[in-house]
Structure formats: structure tokens, C-alpha cells
>>> print(open('my_file-v8.cif').read())   # mmCIF, C-alpha atoms
data_start
loop_
_atom_site.group_PDB
_atom_site.id
_atom_site.type_symbol
_atom_site.label_atom_id
_atom_site.label_comp_id
_atom_site.auth_asym_id
_atom_site.auth_seq_id
_atom_site.Cartn_x
_atom_site.Cartn_y
_atom_site.Cartn_z
ATOM 1 C CA MET A 2 16.551 -29.028 -0.882
ATOM 2 C CA SER A 3 15.149 -29.946 -4.264
ATOM 3 C CA VAL A 4 13.862 -27.397 -6.731
ATOM 4 C CA ILE A 5 11.215 -28.095 -9.346
ATOM 5 C CA ILE A 6 10.851 -25.710 -12.251
ATOM 6 C CA ASP A 7 7.545 -26.126 -14.031
ATOM 7 C CA GLY A 8 8.084 -23.818 -17.005
ATOM 8 C CA SER A 9 6.238 -20.895 -15.415
ATOM 9 C CA ALA A 10 7.691 -17.849 -13.706
ATOM 10 C CA SER A 11 7.455 -19.658 -10.344
ATOM 11 C CA VAL A 12 9.744 -22.045 -8.498
ATOM 12 C CA THR A 13 8.401 -24.729 -6.150
ATOM 13 C CA ILE A 14 10.537 -25.896 -3.222
ATOM 14 C CA ASN A 15 10.039 -29.084 -1.138
ATOM 15 C CA SER A 16 7.721 -27.358 1.320
ATOM 16 C CA GLY A 17 5.270 -26.686 -1.497
ATOM 17 C CA ALA A 18 5.760 -22.919 -1.317
ATOM 18 C CA VAL A 19 5.599 -21.177 -4.655
ATOM 19 C CA LEU A 20 8.156 -18.434 -5.111
ATOM 20 C CA GLY A 21 7.792 -15.634 -7.584
ATOM 21 C CA ILE A 22 6.146 -12.286 -8.052
ATOM 22 C CA THR A 23 2.416 -12.162 -8.708
ATOM 23 C CA SER A 24 0.767 -9.077 -10.162
ATOM 24 C CA GLY A 25 -2.670 -8.064 -9.029
ATOM 25 C CA THR A 26 -5.116 -6.534 -11.450
ATOM 26 C CA ALA A 27 -4.564 -2.811 -11.983
ATOM 27 C CA VAL A 28 -7.478 -0.728 -10.754
ATOM 28 C CA ALA A 29 -8.406 2.547 -12.422
ATOM 29 C CA SER A 30 -8.459 5.041 -9.565
ATOM 30 C CA THR A 31 -11.096 7.167 -11.266
ATOM 31 C CA SER A 32 -14.060 6.721 -8.922
ATOM 32 C CA GLY A 33 -15.029 5.681 -5.420
ATOM 33 C CA THR A 34 -13.743 6.623 -1.985
ATOM 34 C CA SER A 35 -11.457 3.600 -1.575
ATOM 35 C CA ILE A 36 -9.524 1.013 -3.569
ATOM 36 C CA ASP A 37 -9.370 -2.461 -1.995
ATOM 37 C CA PHE A 38 -7.074 -5.330 -2.909
ATOM 38 C CA THR A 39 -8.518 -8.483 -1.349
ATOM 39 C CA GLY A 40 -7.820 -12.206 -1.464
ATOM 40 C CA ILE A 41 -4.107 -11.833 -0.730
ATOM 41 C CA PRO A 42 -2.781 -15.388 -0.119
ATOM 42 C CA SER A 43 -1.620 -16.350 3.388
ATOM 43 C CA TRP A 44 1.912 -17.212 2.197
ATOM 44 C CA VAL A 45 2.670 -13.655 1.013
ATOM 45 C CA LYS A 46 5.653 -12.000 2.707
ATOM 46 C CA ARG A 47 5.979 -8.791 0.662
ATOM 47 C CA ILE A 48 3.451 -6.550 -1.089
ATOM 48 C CA THR A 49 4.277 -3.584 -3.303
ATOM 49 C CA VAL A 50 1.544 -0.992 -3.912
ATOM 50 C CA MET A 51 2.207 1.030 -7.081
ATOM 51 C CA PHE A 52 0.737 4.438 -7.957
ATOM 52 C CA ASN A 53 0.521 5.800 -11.498
ATOM 53 C CA GLY A 54 -0.906 9.328 -11.731
ATOM 54 C CA VAL A 55 -3.323 8.895 -8.798
ATOM 55 C CA SER A 56 -5.421 11.903 -7.865
ATOM 56 C CA THR A 57 -8.387 12.655 -5.605
ATOM 57 C CA SER A 58 -11.306 15.050 -5.901
ATOM 58 C CA GLY A 59 -10.483 17.059 -2.795
ATOM 59 C CA THR A 60 -7.888 18.003 -0.219
ATOM 60 C CA SER A 61 -7.960 15.001 2.116
ATOM 61 C CA LEU A 62 -4.711 13.069 2.643
ATOM 62 C CA ILE A 63 -4.204 9.521 1.279
ATOM 63 C CA ARG A 64 -4.453 6.647 3.811
ATOM 64 C CA PHE A 65 -3.215 3.039 3.537
ATOM 65 C CA GLN A 66 -4.775 0.396 5.790
ATOM 66 C CA LEU A 67 -4.210 -3.337 6.238
ATOM 67 C CA GLY A 68 -6.786 -5.997 6.954
ATOM 68 C CA ASP A 69 -7.319 -9.648 7.742
ATOM 69 C CA SER A 70 -10.330 -11.976 7.645
ATOM 70 C CA GLY A 71 -12.011 -9.755 10.263
ATOM 71 C CA GLY A 72 -11.857 -6.698 7.988
ATOM 72 C CA ILE A 73 -9.757 -3.572 7.637
ATOM 73 C CA GLU A 74 -8.028 -2.578 10.885
ATOM 74 C CA THR A 75 -8.362 1.101 11.827
ATOM 75 C CA THR A 76 -6.174 1.393 14.954
ATOM 76 C CA GLY A 77 -2.710 0.459 16.147
ATOM 77 C CA TYR A 78 -0.608 1.809 13.282
ATOM 78 C CA ALA A 79 2.832 3.275 13.980
ATOM 79 C CA GLY A 80 3.293 5.301 10.828
ATOM 80 C CA VAL A 81 5.187 8.385 9.763
ATOM 81 C CA CYS A 82 5.138 10.247 6.466
ATOM 82 C CA SER A 83 7.647 12.970 5.711
ATOM 83 C CA GLN A 84 7.279 15.557 2.980
ATOM 84 C CA VAL A 85 10.533 16.352 1.212
ATOM 85 C CA GLY A 86 10.697 19.613 -0.722
ATOM 86 C CA GLY A 87 8.861 22.849 -0.198
ATOM 87 C CA ALA A 88 7.969 23.253 3.455
ATOM 88 C CA ALA A 89 9.448 19.937 4.645
ATOM 89 C CA SER A 90 7.433 18.304 7.430
ATOM 90 C CA SER A 91 6.608 14.982 9.086
ATOM 91 C CA ALA A 92 3.411 13.616 10.599
ATOM 92 C CA ALA A 93 2.662 10.470 12.594
ATOM 93 C CA SER A 94 -0.506 8.408 12.199
ATOM 94 C CA THR A 95 -2.228 5.639 14.196
ATOM 95 C CA SER A 96 -5.427 5.025 12.170
ATOM 96 C CA GLY A 97 -3.557 3.994 9.022
ATOM 97 C CA PHE A 98 -0.400 4.930 7.172
ATOM 98 C CA ASP A 99 -1.334 8.507 6.259
ATOM 99 C CA SER A 100 0.351 10.792 3.778
ATOM 100 C CA ASN A 101 1.465 14.256 4.844
ATOM 101 C CA GLY A 102 0.914 17.478 2.930
ATOM 102 C CA ASP A 103 -0.229 16.007 -0.400
ATOM 103 C CA ASN A 104 -3.646 17.613 0.016
ATOM 104 C CA ASN A 105 -4.155 19.282 -3.340
ATOM 105 C CA ALA A 106 -6.831 17.939 -5.689
ATOM 106 C CA ALA A 107 -4.607 18.684 -8.696
ATOM 107 C CA PHE A 108 -1.700 16.509 -7.497
ATOM 108 C CA LEU A 109 -0.867 13.352 -9.479
ATOM 109 C CA ARG A 110 1.015 10.762 -7.402
ATOM 110 C CA TYR A 111 3.645 8.336 -8.787
ATOM 111 C CA GLY A 112 5.645 5.751 -6.847
ATOM 112 C CA SER A 113 5.436 2.631 -4.712
ATOM 113 C CA LEU A 114 5.170 1.501 -1.117
ATOM 114 C CA VAL A 115 6.452 -1.873 0.092
ATOM 115 C CA PHE A 116 4.870 -3.809 2.967
ATOM 116 C CA THR A 117 7.073 -6.606 4.382
ATOM 117 C CA SER A 118 6.092 -9.315 6.869
ATOM 118 C CA LEU A 119 8.168 -9.678 10.006
ATOM 119 C CA GLY A 120 6.169 -12.775 11.021
ATOM 120 C CA SER A 121 3.530 -13.022 13.755
ATOM 121 C CA ASN A 122 1.177 -10.891 11.611
ATOM 122 C CA THR A 123 3.457 -7.836 11.912
ATOM 123 C CA TRP A 124 4.033 -5.804 8.754
ATOM 124 C CA THR A 125 6.455 -2.959 8.113
ATOM 125 C CA LEU A 126 6.111 -0.212 5.535
ATOM 126 C CA CYS A 127 8.802 1.588 3.567
ATOM 127 C CA GLY A 128 8.309 3.528 0.359
ATOM 128 C CA CYS A 129 7.663 6.796 -1.367
ATOM 129 C CA TYR A 130 5.635 8.526 -4.010
ATOM 130 C CA ASN A 131 6.057 11.904 -5.540
ATOM 131 C CA ILE A 132 4.155 14.750 -7.046
ATOM 132 C CA VAL A 133 6.235 15.297 -10.191
ATOM 133 C CA THR A 134 6.215 19.074 -10.147
ATOM 134 C CA ALA A 135 6.315 19.505 -6.389
ATOM 135 C CA PHE A 136 7.311 17.151 -3.584
ATOM 136 C CA SER A 137 8.177 13.602 -2.500
ATOM 137 C CA TYR A 138 6.539 11.741 0.382
ATOM 138 C CA LEU A 139 8.503 9.147 2.353
ATOM 139 C CA PHE A 140 6.552 6.521 4.317
ATOM 140 C CA SER A 141 7.663 4.184 7.114
ATOM 141 C CA GLY A 142 5.987 2.329 9.937
ATOM 142 C CA ALA A 143 4.652 -0.927 11.307
ATOM 143 C CA LYS A 144 1.332 -2.596 12.104
ATOM 144 C CA THR A 145 0.534 -5.875 13.867
ATOM 145 C CA LEU A 146 -2.709 -7.417 12.642
ATOM 146 C CA SER A 147 -4.984 -9.643 14.728
ATOM 147 C CA ASP A 148 -4.712 -12.410 12.072
ATOM 148 C CA THR A 149 -3.082 -13.181 8.696
ATOM 149 C CA LEU A 150 -3.111 -10.271 6.226
ATOM 150 C CA THR A 151 -5.665 -10.745 3.414
ATOM 151 C CA GLN A 152 -6.326 -7.209 2.143
ATOM 152 C CA ILE A 153 -5.039 -3.677 1.665
ATOM 153 C CA ARG A 154 -7.165 -0.532 1.380
ATOM 154 C CA ILE A 155 -6.161 2.797 -0.155
ATOM 155 C CA THR A 156 -8.558 5.576 0.816
ATOM 156 C CA THR A 157 -8.553 9.165 2.047
ATOM 157 C CA VAL A 158 -8.389 10.336 5.654
ATOM 158 C CA ASN A 159 -11.809 12.020 5.461
ATOM 159 C CA GLY A 160 -13.301 8.965 3.713
ATOM 160 C CA THR A 161 -15.418 11.118 1.394
ATOM 161 C CA ASP A 162 -13.025 12.478 -1.261
ATOM 162 C CA THR A 163 -13.116 10.264 -4.341
ATOM 163 C CA PHE A 164 -10.338 9.048 -6.602
ATOM 164 C CA ASP A 165 -10.495 10.797 -9.978
ATOM 165 C CA ALA A 166 -7.365 9.899 -11.995
ATOM 166 C CA GLY A 167 -4.684 7.273 -12.473
ATOM 167 C CA SER A 168 -4.329 3.620 -11.536
ATOM 168 C CA ILE A 169 -3.143 1.514 -8.609
ATOM 169 C CA ASN A 170 -1.851 -2.049 -8.636
ATOM 170 C CA ILE A 171 -0.069 -4.459 -6.315
ATOM 171 C CA LEU A 172 2.659 -7.051 -6.668
ATOM 172 C CA TYR A 173 2.982 -9.755 -4.044
ATOM 173 C CA GLU A 174 5.536 -12.402 -3.290
#
>>> encode(input="my_file-v8.cif", output="C-alpha cells")
Amino acid sequence: MSVIIDGSASVTINSGAVLGITSGTAVASTSGTSIDFTGIPSWVKRITVMFNGVSTSGTSLIRFQLGDSGGIETTGYAGVCSQVGGAASSAASTSGFDSNGDNNAAFLRYGSLVFTSLGSNTWTLCGCYNIVTAFSYLFSGAKTLSDTLTQIRITTVNGTDTFDAGSINILYE
């Protein structure tokens, strides 16, 4: 195997694959009912979604959904989110990877979730975010898409609460 280093933060291997971490553009989560990251390259095997002080206008839970060239997929998720601290609880979700118990408009969320490709358009999720003065939320699950992943959506379960503070960004590799 030969390795070519071109002076950037990436490494190119014989197959032409470029290895390295690419940062998306941070999005201010201060308006709108969803935040979409689109145009994710087909070669991506891992995506990290990072939260910095994210809040919503109401009491709906946060939802993460994956999509391909056909759009965001809304069924077939095998997700669980567990609240740690306070009244500990867990909840399963099939319409997206849903949070559990973080339904307070005053909450500011900090942390990251990592999506990893298993091949054959199947993605796993592992990660957490916390509410600094209250609780942590642990996420895990899997989703098989109908085609190659191209986008991620962060929204609310009710689809009407808006984002009103913080920022969200992704890293992909």
C-alpha cells in the first residue's frame, strides 16, 4: 500500500479514498423546527453530531433522523435513550432516535452523538449529551437506510417546537 501526503490534513491511499476528519459548518440552533446537514459524501463511515448549548422553545423531545437521496427516513429505527440522574428512565423509539425526559424549554444540551456505518447502509448510534445542572441522556441504536446516507436531521418529536439557543455541528470521516 502506498501513501501520498499532500500537505493537507488528509491522507490518500491507493484506492483514492481520502482519510481525515472533515468539519461541517456550525449551525446556530436559534430558529426553525429542524436542523439539516445535507450533502454528506458517500465514502463517510462515521459522523459525530455535536451540541453546544442547544435549547428548544417548548417541551417536545429532541429527535435525530437519517436520510438518503430519497429523503429523511421516518420508520425502522431501533433506538433507546436512557436518562441518568433524577428519575432515571429509558424509552425506545422507531420513528427516529428520540431523547427521553429532556422536555424542558429551559434546558441547554451539551455533548455529542456518533453514527458509525456497519456497511450495507446500516448505521449504529452511540453517544450522550447532558443538561449541565440536571441529567445526562445516553443514546444507542441502529437504522438501515434504503440507500447511501446523505443527510442527518435534528428536530423535535412534535415537529413544531423551534430551536432557540446554541449551535450544532457535525464532523465526518
>>> residues_near_point(input="my_file-v8.cif", point="(2.9, -1.5, -5.2)", cutoff="10 Å", atoms="all atoms listed in the file", output="list in words")
Ser24, Gly25, Arg47, Ile48, Thr49, Val50, Met51, Phe52, Asn53, Gly112, Ser113, Leu114, Val115, Phe116, Gly128, Ile169, Asn170, Ile171, Leu172 and Tyr173 of chain A
>>> atom_distance(input="my_file-v8.cif", atom1="atom CA of Arg110 of chain A", atom2="atom CA of Leu62 of chain A")
11.8 Å
>>> residues_around(input="my_file-v8.cif", residues="Ala93 of chain A", least_positions_apart="5", cutoff="7 Å", atoms="all atoms listed in the file", output="VMD selection string")
chain A and resid 80 to 82
>>> resolve_selection(input="my_file-v8.cif", expression="the PyMOL selection byres ((chain A and resi 134) around 12)", output="ChimeraX atom specification")
/A:86-87,107-111,131-133,135-137
>>> resolve_selection(input="my_file-v8.cif", expression="the PyMOL selection byres ((chain A and resi 63-75) around 7)", output="ChimeraX atom specification")
/A:61-62,76,96-100,148-158
>>> atom_distance(input="my_file-v8.cif", atom1="atom CA of Phe164 of chain A", atom2="atom CA of Pro42 of chain A")
26.4 Å
>>> decode(input="my_file-v8.cif", residues="segment 119-136 of chain A", atoms="N, CA and C atoms", output="PDB file, in the first residue's frame")
ATOM      1  N   LEU A 119     -22.012   0.294   9.518  1.00  0.00           N
ATOM      2  CA  LEU A 119     -21.683  -1.125   9.584  1.00  0.00           C
ATOM      3  C   LEU A 119     -21.590  -1.724   8.183  1.00  0.00           C
ATOM      4  N   GLY A 120     -21.786  -0.899   7.149  1.00  0.00           N
ATOM      5  CA  GLY A 120     -21.872  -1.387   5.774  1.00  0.00           C
ATOM      6  C   GLY A 120     -23.314  -1.685   5.422  1.00  0.00           C
ATOM      7  N   SER A 121     -23.572  -1.918   4.152  1.00  0.00           N
ATOM      8  CA  SER A 121     -24.931  -2.233   3.670  1.00  0.00           C
ATOM      9  C   SER A 121     -25.956  -1.209   4.139  1.00  0.00           C
ATOM     10  N   ASN A 122     -25.555   0.053   4.209  1.00  0.00           N
ATOM     11  CA  ASN A 122     -26.440   1.168   4.580  1.00  0.00           C
ATOM     12  C   ASN A 122     -26.992   1.074   6.000  1.00  0.00           C
ATOM     13  N   THR A 123     -26.352   0.289   6.864  1.00  0.00           N
ATOM     14  CA  THR A 123     -26.758   0.188   8.263  1.00  0.00           C
ATOM     15  C   THR A 123     -25.848   1.069   9.107  1.00  0.00           C
ATOM     16  N   TRP A 124     -26.478   1.868   9.966  1.00  0.00           N
ATOM     17  CA  TRP A 124     -25.764   2.808  10.830  1.00  0.00           C
ATOM     18  C   TRP A 124     -26.123   2.532  12.281  1.00  0.00           C
ATOM     19  N   THR A 125     -25.124   2.610  13.154  1.00  0.00           N
ATOM     20  CA  THR A 125     -25.368   2.489  14.587  1.00  0.00           C
ATOM     21  C   THR A 125     -25.178   3.855  15.242  1.00  0.00           C
ATOM     22  N   LEU A 126     -25.765   4.009  16.387  1.00  0.00           N
ATOM     23  CA  LEU A 126     -25.667   5.254  17.151  1.00  0.00           C
ATOM     24  C   LEU A 126     -25.188   4.938  18.562  1.00  0.00           C
ATOM     25  N   CYS A 127     -24.264   5.759  19.043  1.00  0.00           N
ATOM     26  CA  CYS A 127     -23.820   5.703  20.428  1.00  0.00           C
ATOM     27  C   CYS A 127     -23.419   7.120  20.819  1.00  0.00           C
ATOM     28  N   GLY A 128     -23.851   7.597  21.948  1.00  0.00           N
ATOM     29  CA  GLY A 128     -23.444   8.931  22.361  1.00  0.00           C
ATOM     30  C   GLY A 128     -24.242   9.429  23.534  1.00  0.00           C
ATOM     31  N   CYS A 129     -23.956  10.659  23.920  1.00  0.00           N
ATOM     32  CA  CYS A 129     -24.679  11.248  25.041  1.00  0.00           C
ATOM     33  C   CYS A 129     -24.625  12.771  24.967  1.00  0.00           C
ATOM     34  N   TYR A 130     -25.581  13.390  25.584  1.00  0.00           N
ATOM     35  CA  TYR A 130     -25.493  14.814  25.883  1.00  0.00           C
ATOM     36  C   TYR A 130     -26.052  15.020  27.268  1.00  0.00           C
ATOM     37  N   ASN A 131     -25.733  16.164  27.823  1.00  0.00           N
ATOM     38  CA  ASN A 131     -26.199  16.406  29.184  1.00  0.00           C
ATOM     39  C   ASN A 131     -26.832  17.776  29.307  1.00  0.00           C
ATOM     40  N   ILE A 132     -27.598  17.895  30.349  1.00  0.00           N
ATOM     41  CA  ILE A 132     -28.143  19.157  30.808  1.00  0.00           C
ATOM     42  C   ILE A 132     -27.291  19.468  32.035  1.00  0.00           C
ATOM     43  N   VAL A 133     -26.439  20.481  31.953  1.00  0.00           N
ATOM     44  CA  VAL A 133     -25.385  20.696  32.940  1.00  0.00           C
ATOM     45  C   VAL A 133     -25.883  20.649  34.379  1.00  0.00           C
ATOM     46  N   THR A 134     -26.990  21.257  34.657  1.00  0.00           N
ATOM     47  CA  THR A 134     -27.443  21.303  36.049  1.00  0.00           C
ATOM     48  C   THR A 134     -28.398  20.177  36.407  1.00  0.00           C
ATOM     49  N   ALA A 135     -28.626  19.231  35.477  1.00  0.00           N
ATOM     50  CA  ALA A 135     -29.640  18.235  35.769  1.00  0.00           C
ATOM     51  C   ALA A 135     -29.215  16.806  35.440  1.00  0.00           C
ATOM     52  N   PHE A 136     -29.311  16.398  34.195  1.00  0.00           N
ATOM     53  CA  PHE A 136     -29.251  14.995  33.834  1.00  0.00           C
ATOM     54  C   PHE A 136     -28.340  14.759  32.634  1.00  0.00           C
TER      55      PHE A 136
END
